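Colleague: Dropping in coords-v4.csv, with CSV, C-alpha atoms.
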```
chain,number,residue,atom,x,y,z
A,298,MET,CA,-54.0,46.1,-28.7
A,299,ASN,CA,-56.0,49.0,-29.9
A,300,GLU,CA,-59.5,47.6,-29.4
A,301,THR,CA,-62.8,49.5,-29.1
A,302,LEU,CA,-64.3,48.7,-25.7
A,303,VAL,CA,-68.0,49.5,-25.3
A,304,THR,CA,-70.6,49.3,-22.5
A,305,LEU,CA,-74.2,48.8,-23.7
A,306,VAL,CA,-77.4,49.0,-21.7
A,307,GLY,CA,-80.4,47.2,-23.1
A,308,ASN,CA,-82.4,44.0,-23.1
A,309,ALA,CA,-81.7,40.4,-24.1
A,310,ALA,CA,-83.6,40.0,-27.4
A,311,THR,CA,-83.1,36.2,-27.8
A,312,ALA,CA,-82.5,33.3,-25.6
A,313,VAL,CA,-78.8,32.5,-24.9
A,314,GLU,CA,-77.5,29.7,-27.2
A,315,PHE,CA,-74.9,27.7,-25.5
A,316,ARG,CA,-72.5,25.1,-27.1
A,317,GLU,CA,-69.6,23.1,-25.8
A,318,THR,CA,-66.5,23.5,-27.9
A,319,ALA,CA,-63.0,22.0,-27.7
A,320,GLY,CA,-61.7,25.1,-26.0
A,321,GLY,CA,-64.6,25.3,-23.5
A,322,GLY,CA,-68.2,26.7,-23.7
A,323,MET,CA,-69.4,29.3,-26.2
A,324,ALA,CA,-72.6,31.3,-25.9
A,325,ARG,CA,-74.3,34.0,-28.0
A,326,PHE,CA,-77.5,36.0,-27.9
A,327,ARG,CA,-79.0,39.1,-29.6
A,328,PHE,CA,-79.0,42.3,-27.5
A,329,ALA,CA,-81.4,45.2,-28.2
A,330,VAL,CA,-80.5,48.8,-27.3
A,331,THR,CA,-83.2,51.4,-27.6
A,332,PRO,CA,-82.4,55.0,-26.7
A,333,ARG,CA,-85.1,57.1,-24.9
A,334,ARG,CA,-85.3,60.8,-25.2
A,335,TRP,CA,-87.5,63.5,-23.7
A,336,ASP,CA,-89.7,65.1,-26.4
A,337,ARG,CA,-90.2,68.7,-25.2
A,338,GLU,CA,-93.0,69.4,-27.7
A,339,LYS,CA,-95.1,66.3,-26.6
A,340,GLN,CA,-93.9,66.5,-23.0
A,341,ARG,CA,-93.2,62.8,-22.9
A,342,TRP,CA,-90.5,60.2,-23.4
A,343,THR,CA,-90.1,58.7,-26.9
A,344,ASP,CA,-88.1,55.7,-28.0
A,345,GLY,CA,-85.5,56.0,-30.7
A,346,ARG,CA,-84.5,53.4,-33.3
A,347,THR,CA,-83.5,50.0,-31.7
A,348,SER,CA,-80.0,48.8,-32.5
A,349,PHE,CA,-79.3,45.0,-32.3
A,350,TYR,CA,-75.9,43.4,-31.5
A,351,THR,CA,-74.8,39.8,-31.3
A,352,VAL,CA,-73.1,39.2,-28.0
A,353,TRP,CA,-70.5,36.4,-27.9
A,354,SER,CA,-68.8,34.9,-24.9
A,355,TRP,CA,-66.6,31.9,-24.1
A,356,ARG,CA,-65.7,29.6,-21.2
A,357,THR,CA,-67.0,30.4,-17.8
A,358,LEU,CA,-68.8,33.6,-18.8
A,359,ALA,CA,-70.6,31.6,-21.5
A,360,ALA,CA,-71.8,28.9,-19.0
A,361,ASN,CA,-72.9,31.5,-16.5
A,362,LEU,CA,-74.8,33.5,-19.2
A,363,ALA,CA,-76.7,30.3,-20.2
A,364,GLY,CA,-77.8,29.8,-16.6
A,365,SER,CA,-78.6,33.4,-15.8
A,366,VAL,CA,-80.1,35.3,-18.7
A,367,SER,CA,-83.6,35.1,-20.2
A,368,VAL,CA,-85.3,36.9,-23.0
A,369,GLY,CA,-86.4,40.4,-22.1
A,370,GLU,CA,-84.1,40.9,-19.1
A,371,PRO,CA,-82.4,44.2,-18.7
A,372,LEU,CA,-78.6,43.8,-19.0
A,373,VAL,CA,-75.4,45.8,-19.0
A,374,VAL,CA,-72.8,44.3,-21.5
A,375,HIS,CA,-69.2,45.4,-21.5
A,376,GLY,CA,-66.8,44.1,-24.2
A,377,ARG,CA,-64.9,44.5,-27.5
A,378,LEU,CA,-66.8,45.9,-30.4
A,379,LYS,CA,-66.4,44.0,-33.7
A,380,VAL,CA,-67.8,45.1,-37.0
A,381,ARG,CA,-68.0,42.7,-39.9
A,382,GLU,CA,-69.4,42.7,-43.4
A,383,GLU,CA,-70.8,39.7,-45.2
A,384,GLU,CA,-72.5,39.2,-48.5
A,385,GLN,CA,-75.9,37.6,-48.3
A,386,ALA,CA,-78.2,37.1,-51.3
A,387,GLY,CA,-76.1,39.4,-53.4
A,388,GLN,CA,-76.2,42.2,-50.9
A,389,ARG,CA,-73.4,43.5,-48.6
A,390,ARG,CA,-74.6,43.5,-44.9
A,391,THR,CA,-72.9,44.9,-41.9
A,392,PHE,CA,-73.1,43.1,-38.5
A,393,VAL,CA,-72.0,44.5,-35.2
A,394,ASP,CA,-70.9,42.0,-32.5
A,395,VAL,CA,-69.6,42.4,-29.0
A,396,GLU,CA,-67.1,40.0,-27.6
A,397,ALA,CA,-68.3,40.1,-23.9
A,398,ILE,CA,-65.8,40.7,-21.1
A,399,ALA,CA,-68.6,41.1,-18.5
A,400,VAL,CA,-72.4,40.9,-18.5
A,401,GLY,CA,-74.7,41.7,-15.6
A,402,HIS,CA,-78.3,42.5,-14.9
A,403,ASP,CA,-79.2,46.2,-14.9
A,404,LEU,CA,-80.0,46.8,-11.2
A,405,SER,CA,-81.5,50.2,-12.0
A,406,ARG,CA,-84.5,48.3,-13.4
A,407,GLY,CA,-84.8,45.4,-10.9
A,408,THR,CA,-83.1,43.1,-8.5
A,409,THR,CA,-81.1,39.9,-8.9
A,410,ALA,CA,-79.5,37.3,-6.6
A,411,PHE,CA,-75.9,36.5,-7.2
A,412,ARG,CA,-74.5,33.0,-6.7
A,413,ARG,CA,-70.8,32.4,-6.9
A,414,THR,CA,-69.8,29.4,-9.0
A,415,ALA,CA,-67.3,26.8,-7.7
A,416,ARG,CA,-63.9,27.0,-9.2
A,417,PRO,CA,-61.7,23.9,-9.4
A,418,GLU,CA,-58.6,24.0,-7.2
A,419,SER,CA,-55.4,24.6,-9.1
A,420,ASN,CA,-52.2,23.0,-7.8
A,421,LEU,CA,-49.5,25.6,-8.0
A,422,THR,CA,-46.7,23.0,-7.8
A,423,GLU,CA,-47.8,21.1,-10.9
A,424,ARG,CA,-46.0,21.9,-14.1
A,425,PRO,CA,-48.4,22.7,-17.0
A,426,GLU,CA,-48.2,20.3,-19.9
A,427,ASN,CA,-47.3,22.9,-22.5
A,428,VAL,CA,-44.2,24.3,-20.7
A,429,THR,CA,-41.0,23.5,-22.5
A,430,GLU,CA,-37.5,23.2,-20.9
A,431,GLY,CA,-36.6,26.6,-22.4
A,432,ASP,CA,-39.7,28.2,-20.7
A,433,ALA,CA,-38.7,26.7,-17.3
A,434,LYS,CA,-35.2,28.1,-17.1
A,435,GLY,CA,-34.6,29.7,-13.8
A,436,VAL,CA,-37.3,27.6,-12.1
A,437,PRO,CA,-35.9,25.4,-9.4
A,438,ASN,CA,-36.5,21.7,-9.9
A,439,GLN,CA,-34.5,20.4,-6.8
A,440,PRO,CA,-36.6,18.6,-4.2
A,441,GLU,CA,-35.8,21.1,-1.5
A,442,HIS,CA,-37.2,24.0,-3.6
A,443,ALA,CA,-40.3,22.0,-4.5
A,444,ALA,CA,-41.1,21.6,-0.8
A,445,VAL,CA,-40.8,25.3,-0.3
A,446,LEU,CA,-43.1,26.0,-3.2
A,447,ALA,CA,-45.6,23.4,-1.9
A,448,GLY,CA,-45.8,25.3,1.4
A,449,VAL,CA,-46.7,28.5,-0.5
A,450,SER,CA,-49.9,27.0,-2.0
```
Please, can you express the file's structure as structure tokens?
Modeller:
Amino acid sequence: MNETLVTLVGNAATAVEFRETAGGGMARFRFAVTPRRWDREKQRWTDGRTSFYTVWSWRTLAANLAGSVSVGEPLVVHGRLKVREEEQAGQRRTFVDVEAIAVGHDLSRGTTAFRRTARPESNLTERPENVTEGDAKGVPNQPEHAAVLAGVS
């Protein structure tokens, strides 16, 4: 419930890796964020130290990322910040991941063309497979009520 949401502006550092899983698609890529600051002494912009994040996404967002993002493209990533520690070769390492909620091209640095993906039609009168009788209490199951619900969709 208390999650840290972040919005990062940077560039795709690696190609998007996409895999089909039992729960839908999964995609990940590395994301580079480099701060720029005005150096008053030198009278020019200087780059700060680059931070790298692994961006994870699932289902529709994962599939759309795989078809839309290439290495080096400027992006805006919004999602949940996840920090994890692992031991590798006897050393503790810290990794920072972002579970993406939304990803888009940074339009302050270029243009893009949006194409809406087709969504499958859902039938509102069909009962989901995982609903139990206890969950369905108060839901009319008489034929006359079903006809009214069918008219709503």
Colleague: Please report the interatomic distance between CA of Arg333 in chain A and CA of Val368 in chain A in Å with one decimal.
Modeller: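 Separating CA of Arg333 in chain A from CA of Val368 in chain A is a distance of 20.3 Å.
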Colleague: Just the number, please: distance in Å from CA of Gly307 in chain A to CA of Phe349 in chain A, one decimal.
Modeller: 9.5 Å
Colleague: Between A:Leu372, A:Ile398, A:Ala324, A:Leu358, which has the minimum distance to Ala309 in chain A (counting only C-alpha atoms)?
Modeller: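 Of the candidates, the smallest distance to Ala309 in chain A is held by A:Leu372.
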Colleague: Write out as a list in words which residues come within 8 Å of Glu314 in chain A when counting all atoms listed in the file, dropping same-chain ones fewer than 5 positions away.
Modeller: Ala324, Arg325, Phe326 and Ala363 of chain A
Colleague: For CA of Thr408 in chain A and CA of Ser365 in chain A, quote the distance in Å rounded to one decimal.
Modeller: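 According to the coordinates, CA of Thr408 in chain A and CA of Ser365 in chain A are separated by 12.9 Å.
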Colleague: What box, with edges along x, y and z, holds each listed atom of range 338-342 of chain A when 5 Å is added on every side, and can you state its centre and edge lengths in Å to one decimal, as lines of an AutoDock Vina configuration file?
Modeller:
```
center_x = -92.8
center_y = 64.8
center_z = -25.3
size_x = 14.6
size_y = 19.2
size_z = 14.8
```
Colleague: Out of A:Val400, A:Ala312, A:Ala386, A:Val380, which residue has the shortest atom-to-atom distance to Thr357 in chain A when counting only C-alpha atoms?
Modeller: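 Among the listed residues, the smallest separation from Thr357 in chain A belongs to A:Val400.
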Colleague: Identify, on the basis of all atoms listed in the file, every residue whose closest approach to Thr311 in chain A does not exceed 10 Å; exclude the query and any residue fewer than 5 positions from it along the same chain; express the result as a PyMOL selection string.
Modeller: chain A and resi 325-329+351+366-370
